[in-house]
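Trainee: mmCIF, C-alpha atoms, file start-v5.cif:
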data_data
loop_
_atom_site.label_atom_id
_atom_site.label_comp_id
_atom_site.auth_asym_id
_atom_site.auth_seq_id
_atom_site.Cartn_x
_atom_site.Cartn_y
_atom_site.Cartn_z
CA MET A 1 -3.60 9.08 25.06
CA TYR A 2 -4.25 10.58 21.66
CA ASP A 3 -3.97 14.35 21.84
CA GLU A 4 -3.95 16.58 18.76
CA GLU A 5 -0.17 16.61 18.57
CA ARG A 6 0.12 12.83 18.75
CA ILE A 7 -2.57 12.27 16.11
CA GLY A 8 -0.89 14.78 13.81
CA GLU A 9 2.46 13.07 14.30
CA LEU A 10 0.99 9.67 13.48
CA LEU A 11 -0.90 10.91 10.43
CA ARG A 12 2.26 12.55 9.11
CA ALA A 13 4.29 9.38 9.71
CA MET A 14 2.62 7.75 6.73
CA PRO A 15 4.26 9.08 3.54
CA GLN A 16 2.40 10.06 0.42
CA VAL A 17 2.89 7.32 -2.19
CA PRO A 18 3.28 8.43 -5.82
CA GLU A 19 -0.02 7.67 -7.56
CA ALA A 20 1.85 6.00 -10.45
CA TRP A 21 3.30 3.41 -8.04
CA VAL A 22 -0.15 2.68 -6.63
CA GLN A 23 -1.63 2.39 -10.13
CA THR A 24 1.07 -0.06 -11.24
CA ALA A 25 0.42 -2.26 -8.20
CA ALA A 26 -3.35 -1.92 -8.55
CA ARG A 27 -3.19 -3.08 -12.19
CA LEU A 28 -1.35 -6.30 -11.23
CA PRO A 29 -4.32 -8.66 -11.73
CA ALA A 30 -4.97 -7.32 -15.24
CA THR A 31 -1.25 -7.36 -16.03
CA ARG A 32 -0.87 -10.96 -14.89
CA ARG A 33 -3.92 -12.01 -16.91
CA ALA A 34 -2.43 -10.42 -20.04
CA ILE A 35 0.85 -12.25 -19.47
CA GLU A 36 -0.99 -15.54 -18.99
CA GLN A 37 -2.73 -14.94 -22.34
CA ILE A 38 0.65 -14.43 -24.03
CA ALA A 39 1.97 -17.59 -22.35
CA ALA A 40 -1.11 -19.59 -23.37
CA LEU A 41 -0.76 -18.49 -26.98
CA ALA A 42 2.96 -19.31 -26.91
CA GLU A 43 2.16 -22.83 -25.75
CA VAL A 44 0.09 -23.60 -28.82
CA ASP A 45 2.02 -21.55 -31.37
CA ALA A 46 5.77 -22.18 -31.56
CA GLY A 47 6.29 -19.32 -34.02
CA PHE A 48 4.55 -16.87 -31.72
CA ARG A 49 6.65 -18.12 -28.81
CA GLN A 50 9.90 -17.61 -30.76
CA ASP A 51 8.85 -14.10 -31.79
CA ALA A 52 7.84 -13.23 -28.24
CA LEU A 53 11.12 -14.54 -26.80
CA ARG A 54 13.09 -12.60 -29.42
CA ASP A 55 11.26 -9.37 -28.55
CA LEU A 56 9.83 -9.61 -25.06
CA GLU A 57 9.29 -5.86 -24.80
CA GLY A 58 7.41 -5.81 -28.10
CA ALA A 59 5.22 -8.73 -26.98
CA LEU A 60 4.31 -6.84 -23.83
CA GLN A 61 3.62 -3.64 -25.74
CA ARG A 62 1.39 -5.46 -28.23
CA ALA A 63 -0.59 -6.77 -25.23
CA GLY A 64 -1.01 -3.18 -24.06
CA LEU A 65 1.51 -3.45 -21.21
CA GLU A 66 4.32 -1.12 -20.20
CA PRO A 67 7.49 -3.25 -20.55
CA SER A 68 9.16 -2.57 -17.20
CA PRO A 69 12.29 -4.66 -16.44
CA ALA A 70 10.38 -6.66 -13.81
CA LEU A 71 7.58 -7.43 -16.27
CA VAL A 72 10.03 -8.42 -19.03
CA GLU A 73 11.69 -10.79 -16.55
CA HIS A 74 8.34 -12.21 -15.50
CA LEU A 75 7.35 -12.87 -19.13
CA ARG A 76 10.71 -14.51 -19.84
CA ASP A 77 10.11 -16.84 -16.88
CA ARG A 78 6.61 -17.68 -18.10
CA LEU A 79 7.83 -18.50 -21.59
CA MET B 1 -22.79 -4.63 -0.32
CA ALA B 2 -20.48 -2.70 2.02
CA ALA B 3 -18.17 -0.12 0.44
CA LEU B 4 -14.73 -1.60 0.00
CA SER B 5 -13.14 1.07 2.16
CA SER B 6 -15.28 0.00 5.11
CA ILE B 7 -14.73 -3.76 5.06
CA THR B 8 -12.30 -5.56 7.34
CA ASP B 9 -8.85 -6.63 6.23
CA ALA B 10 -10.06 -10.24 6.33
CA GLY B 11 -13.08 -9.46 4.17
CA LEU B 12 -10.87 -7.65 1.71
CA VAL B 13 -8.42 -10.55 1.47
CA ALA B 14 -11.27 -12.99 0.85
CA ARG B 15 -12.56 -10.84 -1.99
CA CYS B 16 -9.07 -10.46 -3.49
CA ARG B 17 -8.69 -14.22 -3.43
CA SER B 18 -11.96 -14.62 -5.31
CA GLY B 19 -10.54 -12.47 -8.12
CA ASP B 20 -12.15 -9.12 -7.31
CA ASP B 21 -9.90 -6.50 -8.98
CA ASP B 22 -11.54 -3.61 -7.11
CA ALA B 23 -10.83 -5.33 -3.80
CA TRP B 24 -7.21 -5.75 -4.86
CA GLU B 25 -6.93 -2.04 -5.62
CA GLU B 26 -8.39 -1.23 -2.20
CA LEU B 27 -5.86 -3.57 -0.57
CA VAL B 28 -3.03 -1.81 -2.40
CA ARG B 29 -4.33 1.61 -1.36
CA ARG B 30 -4.90 0.51 2.24
CA PHE B 31 -1.34 -0.74 2.72
CA SER B 32 0.64 1.38 0.26
CA ARG B 33 1.70 4.07 2.75
CA TYR B 34 2.57 1.41 5.33
CA VAL B 35 4.82 -0.49 2.93
CA LEU B 36 6.60 2.65 1.75
CA ALA B 37 6.99 3.89 5.33
CA ILE B 38 8.71 0.65 6.35
CA ALA B 39 11.10 0.84 3.38
CA GLN B 40 11.90 4.52 3.89
CA GLN B 41 11.78 4.99 7.64
CA ALA B 42 12.76 1.61 9.07
CA TYR B 43 15.38 0.64 6.46
CA ARG B 44 16.24 4.04 4.95
CA LEU B 45 16.17 2.73 1.40
CA SER B 46 16.89 5.13 -1.47
CA PRO B 47 13.84 6.27 -3.48
CA SER B 48 14.60 3.89 -6.35
CA ASP B 49 15.18 0.91 -4.03
CA ALA B 50 12.03 1.81 -2.11
CA GLU B 51 10.05 1.81 -5.36
CA ASP B 52 11.43 -1.60 -6.37
CA VAL B 53 10.64 -3.04 -2.93
CA PHE B 54 7.18 -1.46 -3.02
CA GLN B 55 6.31 -3.14 -6.35
CA ASP B 56 7.90 -6.40 -5.27
CA VAL B 57 5.90 -6.49 -2.03
CA PHE B 58 2.61 -6.17 -3.89
CA ALA B 59 3.64 -8.65 -6.61
CA LYS B 60 4.49 -11.25 -3.95
CA THR B 61 1.38 -10.39 -1.95
CA TYR B 62 -0.69 -11.03 -5.08
CA GLU B 63 1.07 -14.32 -5.81
CA ARG B 64 1.03 -15.63 -2.25
CA LEU B 65 -2.29 -14.44 -0.88
CA GLY B 66 -3.42 -18.07 -0.97
CA ASP B 67 -0.65 -19.00 1.50
CA LEU B 68 -1.93 -16.63 4.18
CA ARG B 69 -3.01 -18.79 7.13
CA SER B 70 -5.36 -16.25 8.66
CA ASP B 71 -6.96 -13.51 6.60
CA ASP B 72 -7.00 -11.31 9.73
CA ALA B 73 -3.20 -11.43 9.77
CA VAL B 74 -2.64 -9.71 6.45
CA ARG B 75 -1.14 -6.60 8.06
CA PRO B 76 1.70 -8.35 9.97
CA TRP B 77 2.17 -10.65 6.99
CA ILE B 78 2.72 -7.69 4.64
CA ALA B 79 5.00 -6.06 7.24
CA GLN B 80 7.10 -9.23 7.47
CA LEU B 81 7.26 -9.56 3.69
CA THR B 82 8.34 -5.92 3.37
CA ARG B 83 11.05 -6.40 6.02
CA ARG B 84 12.43 -9.44 4.22
CA LEU B 85 12.49 -7.71 0.85
CA CYS B 86 14.17 -4.62 2.33
CA ILE B 87 16.90 -6.80 3.85
CA ASP B 88 17.33 -8.63 0.51
CA ARG B 89 17.66 -5.26 -1.24
CA ILE B 90 20.25 -4.01 1.25
CA ARG B 91 22.23 -7.24 0.90
CA ALA B 92 22.09 -7.10 -2.91
CA GLY B 93 23.42 -3.55 -2.95
CA ALA B 94 26.15 -4.03 -0.33
CA ARG B 95 29.78 -4.41 -1.30
CA GLU B 96 30.55 -6.15 1.96
CA THR B 97 28.60 -8.73 3.90
CA VAL B 98 25.67 -7.14 5.65
CA ASP B 99 25.18 -7.94 9.30
CA PRO B 100 21.45 -8.73 9.56
CA GLU B 101 21.41 -7.57 13.19
CA ALA B 102 22.86 -4.19 12.24
CA ALA B 103 20.36 -3.79 9.40
CA GLU B 104 17.51 -4.57 11.81
CA ALA B 105 18.68 -2.20 14.57
CA GLY B 106 15.81 0.00 15.67
CA VAL B 107 13.42 -1.52 13.12
CA ASP B 108 11.07 -2.98 15.74
CA ASP B 109 10.59 0.42 17.39
CA THR B 110 9.92 2.08 14.03
CA LEU B 111 7.47 -0.66 13.10
CA ASP B 112 5.58 -0.22 16.39
CA GLN B 113 5.24 3.45 15.56
CA LEU B 114 4.11 2.68 11.99
CA ASP B 115 1.59 0.11 13.22
CA GLU B 116 0.07 2.77 15.41
CA ALA B 117 0.13 5.21 12.49
CA LEU B 118 -1.66 2.67 10.31
CA SER B 119 -4.35 2.25 12.97
CA VAL B 120 -4.87 6.01 12.94
CA GLN B 121 -5.01 5.96 9.15
CA GLU B 122 -7.61 3.15 9.25
CA ALA B 123 -9.69 5.02 11.82
CA LEU B 124 -9.50 8.09 9.59
CA ALA B 125 -10.61 6.01 6.59
CA ALA B 126 -13.67 4.84 8.56
CA MET B 127 -14.83 8.44 9.14
CA SER B 128 -17.26 10.46 7.02
CA GLU B 129 -15.84 12.13 3.91
CA PRO B 130 -16.05 15.71 5.28
CA CYS B 131 -14.12 14.76 8.45
CA ARG B 132 -11.61 12.71 6.50
CA ASP B 133 -11.01 15.57 4.10
CA ILE B 134 -10.59 18.29 6.69
CA LEU B 135 -8.25 16.24 8.92
CA ASP B 136 -6.24 15.15 5.91
CA ARG B 137 -5.83 18.75 4.77
CA PHE B 138 -4.87 20.00 8.22
CA PHE B 139 -2.57 17.24 9.44
CA ARG B 140 -1.17 15.58 6.33
CA ARG B 141 -1.07 18.43 3.87
CA ASP B 142 -0.30 21.05 6.52
CA GLU B 143 -2.87 23.46 5.09
CA SER B 144 -3.73 26.52 7.20
CA TYR B 145 -7.27 27.35 8.40
CA ALA B 146 -7.37 30.07 5.74
CA VAL B 147 -6.37 27.72 2.90
CA ILE B 148 -8.84 25.04 4.02
CA GLY B 149 -11.56 27.66 4.45
CA ALA B 150 -10.97 28.98 0.94
CA ALA B 151 -11.07 25.46 -0.53
CA LEU B 152 -14.26 24.50 1.29
CA GLY B 153 -15.93 27.89 1.10
CA LEU B 154 -16.14 28.27 4.90
CA PRO B 155 -14.93 30.91 7.39
CA SER B 156 -11.67 30.14 9.23
CA GLY B 157 -13.46 30.03 12.59
CA THR B 158 -15.75 27.30 11.33
CA ILE B 159 -12.73 25.32 10.12
CA ALA B 160 -11.17 25.39 13.58
CA SER B 161 -14.33 24.12 15.27
CA ARG B 162 -14.90 21.50 12.57
CA ILE B 163 -11.34 20.17 12.94
CA SER B 164 -11.86 20.02 16.68
CA ARG B 165 -15.14 18.11 16.31
CA CYS B 166 -13.67 15.65 13.78
CA LEU B 167 -10.60 15.18 15.94
CA GLY B 168 -12.87 14.27 18.84
CA LYS B 169 -14.61 11.65 16.69
CA LEU B 170 -11.28 10.27 15.51
CA ARG B 171 -10.04 10.10 19.09
CA ASP B 172 -13.21 8.22 20.10
CA LEU B 173 -12.65 5.73 17.30
CA LEU B 174 -9.06 5.22 18.39
CA MET B 175 -10.01 4.80 22.02
CA GLU B 176 -12.46 2.04 21.19
CA GLU B 177 -10.95 -1.35 21.63
CA ASN B 178 -9.36 -2.65 18.45
CA ALA B 179 -9.96 0.46 16.38
CA PRO B 180 -9.21 -1.33 13.07
CA LEU B 181 -12.07 -3.74 13.80
CA THR B 182 -14.60 -0.92 13.60
CA ARG B 183 -14.79 -1.71 9.89
CA HIS B 184 -17.99 -3.57 9.08
CA GLU B 185 -18.01 -7.20 8.18
CA GLU B 186 -19.41 -7.83 4.71
#
What's the structure tokens form of this structure?
Mentor:
Amino acid sequence: MYDEERIGELLRAMPQVPEAWVQTAARLPATRRAIEQIAALAEVDAGFRQDALRDLEGALQRAGLEPSPALVEHLRDRL
Amino acid sequence: MAALSSITDAGLVARCRSGDDDAWEELVRRFSRYVLAIAQQAYRLSPSDAEDVFQDVFAKTYERLGDLRSDDAVRPWIAQLTRRLCIDRIRAGARETVDPEAAEAGVDDTLDQLDEALSVQEALAAMSEPCRDILDRFFRRDESYAVIGAALGLPSGTIASRISRCLGKLRDLLMEENAPLTRHEE
């Protein structure tokens, strides 16, 4: 039976998630598309690929992405 | 077209798979508290480990959504994925071998509680904005009648009766069979 106390307890059981975490996860499709664009360019341009591998963080920043460690790792894998 | 917040989990997954970025954001918002609650309450991860697991869960969800056998099963699938990534995180940070049974002790009970909490959250999400807002303020943000009244420009007595009415509606939603299925199909 759901009385007021039980409903309150269940509503409070779900923690508030920092909005920045939600935003990062919500932007995943756009982030992955940007990484695929970098990878596609690297496939046809060896010089670009070398530059990107030398400075993964810079490549991400130039694509408008925040170079988090996980994203840097993901780009390294893609290249 | 139905508002994203009112479509079923299965409908949402189908739209995510078709490349709908708004549907993806709704999926993240719908399950974000659930994922964090599992990491924090069932596995007692530190805030930084919980954040890593949180991002990893959604990255893998995004990559593997195509592997989901039944779109209706996205909730248990995300729960299972979160459990596995929490265990991986605990193992990676342990100096000694982690006993998987010890790490999982009490997790099932906590997950049962969180599943119920998610159903309440989903029922709340299916309510009208005024009810959602007032119940959120009272139960989640612990605001007093006076604070809520000041924010909404209403007398405290009205707040009490409005909370009671909205609570009744929420209870009715929860008492219906399969409360999460009260979301409309697209």
Trainee: Residues of chain A no more than 7 Å from chain B, counting all atoms listed in the file: send them over as a list in words.
Mentor: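 Putting it all together, I get Tyr2, Gly8, Leu10, Leu11, Arg12, Ala13, Met14, Pro15, Gln16, Val17, Val22, Ala25, Ala26 and Pro29 of chain A.
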Trainee: Output the selection as an mmCIF file, keeping the file's coordinate frame - C-alpha atoms for each residue.
Mentor:
data_model
loop_
_atom_site.group_PDB
_atom_site.id
_atom_site.type_symbol
_atom_site.label_atom_id
_atom_site.label_comp_id
_atom_site.auth_asym_id
_atom_site.auth_seq_id
_atom_site.Cartn_x
_atom_site.Cartn_y
_atom_site.Cartn_z
ATOM 1 C CA TYR A 2 -4.250 10.580 21.660
ATOM 2 C CA GLY A 8 -0.890 14.780 13.810
ATOM 3 C CA LEU A 10 0.990 9.670 13.480
ATOM 4 C CA LEU A 11 -0.900 10.910 10.430
ATOM 5 C CA ARG A 12 2.260 12.550 9.110
ATOM 6 C CA ALA A 13 4.290 9.380 9.710
ATOM 7 C CA MET A 14 2.620 7.750 6.730
ATOM 8 C CA PRO A 15 4.260 9.080 3.540
ATOM 9 C CA GLN A 16 2.400 10.060 0.420
ATOM 10 C CA VAL A 17 2.890 7.320 -2.190
ATOM 11 C CA VAL A 22 -0.150 2.680 -6.630
ATOM 12 C CA ALA A 25 0.420 -2.260 -8.200
ATOM 13 C CA ALA A 26 -3.350 -1.920 -8.550
ATOM 14 C CA PRO A 29 -4.320 -8.660 -11.730
#
Trainee: Taking the file as shown, what set of residues would the PyMOL selection byres ((chain A and resi 48-61) around 9) give back, as a ChimeraX atom specification?
Mentor: /A:34-35,38-39,41-47,62-69,71-73,75-76,79
Trainee: So how many Å separate CA of His74 in chain A and CA of Leu68 in chain B, to one decimal?
Mentor: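 Between CA of His74 in chain A and CA of Leu68 in chain B the gap works out to 22.6 Å.
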Trainee: Separation of CA of Ala39 in chain B and CA of Glu19 in chain A, in Å?
Mentor: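 Distance reported for this atom pair: 17.0 Å.
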Trainee: Between CA of Asp71 in chain B and CA of Val13 in chain B, measure the distance and give it in Å to one decimal.
Mentor: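 Result for CA of Asp71 in chain B versus CA of Val13 in chain B: 6.1 Å, one decimal.
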Trainee: Translate the PyMOL selection byres ((chain B and resi 149) around 12), as applied to the file shown, into an explicit residue set as a list in words.
Mentor: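 For this structure, the PyMOL selection byres ((chain B and resi 149) around 12) resolves to Ile134, Arg137, Phe138, Glu143, Ser144, Tyr145, Ala146, Val147, Ile148, Ala150, Ala151, Leu152, Gly153, Leu154, Pro155, Ser156, Gly157, Thr158, Ile159, Ala160, Ser161, Arg162 and Ile163 of chain B.
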Trainee: Export, as a PDB file, in the frame of the given file, the selected residues with C-alpha atoms.
Mentor:
ATOM      1  CA  ILE B 134     -10.590  18.290   6.690  1.00  0.00           C
ATOM      2  CA  ARG B 137      -5.830  18.750   4.770  1.00  0.00           C
ATOM      3  CA  PHE B 138      -4.870  20.000   8.220  1.00  0.00           C
ATOM      4  CA  GLU B 143      -2.870  23.460   5.090  1.00  0.00           C
ATOM      5  CA  SER B 144      -3.730  26.520   7.200  1.00  0.00           C
ATOM      6  CA  TYR B 145      -7.270  27.350   8.400  1.00  0.00           C
ATOM      7  CA  ALA B 146      -7.370  30.070   5.740  1.00  0.00           C
ATOM      8  CA  VAL B 147      -6.370  27.720   2.900  1.00  0.00           C
ATOM      9  CA  ILE B 148      -8.840  25.040   4.020  1.00  0.00           C
ATOM     10  CA  ALA B 150     -10.970  28.980   0.940  1.00  0.00           C
ATOM     11  CA  ALA B 151     -11.070  25.460  -0.530  1.00  0.00           C
ATOM     12  CA  LEU B 152     -14.260  24.500   1.290  1.00  0.00           C
ATOM     13  CA  GLY B 153     -15.930  27.890   1.100  1.00  0.00           C
ATOM     14  CA  LEU B 154     -16.140  28.270   4.900  1.00  0.00           C
ATOM     15  CA  PRO B 155     -14.930  30.910   7.390  1.00  0.00           C
ATOM     16  CA  SER B 156     -11.670  30.140   9.230  1.00  0.00           C
ATOM     17  CA  GLY B 157     -13.460  30.030  12.590  1.00  0.00           C
ATOM     18  CA  THR B 158     -15.750  27.300  11.330  1.00  0.00           C
ATOM     19  CA  ILE B 159     -12.730  25.320  10.120  1.00  0.00           C
ATOM     20  CA  ALA B 160     -11.170  25.390  13.580  1.00  0.00           C
ATOM     21  CA  SER B 161     -14.330  24.120  15.270  1.00  0.00           C
ATOM     22  CA  ARG B 162     -14.900  21.500  12.570  1.00  0.00           C
ATOM     23  CA  ILE B 163     -11.340  20.170  12.940  1.00  0.00           C
TER      24      ILE B 163
END
Trainee: Counting only C-alpha atoms, figure out which residue out of B:Ala123, B:Ala50, B:Leu173, B:Asp67 gets nearest to Pro18 in chain A.
Mentor: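 Among B:Ala123, B:Ala50, B:Leu173, B:Asp67, it is B:Ala50 that comes nearest to Pro18 in chain A.
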Trainee: Need the axis-aligned box for range 1-11 of chain B with 4 Å each side, so what are the centre and edges in Å to one decimal, as lines of an AutoDock Vina configuration file?
Mentor:
center_x = -15.8
center_y = -4.6
center_z = 3.5
size_x = 21.9
size_y = 19.3
size_z = 15.7
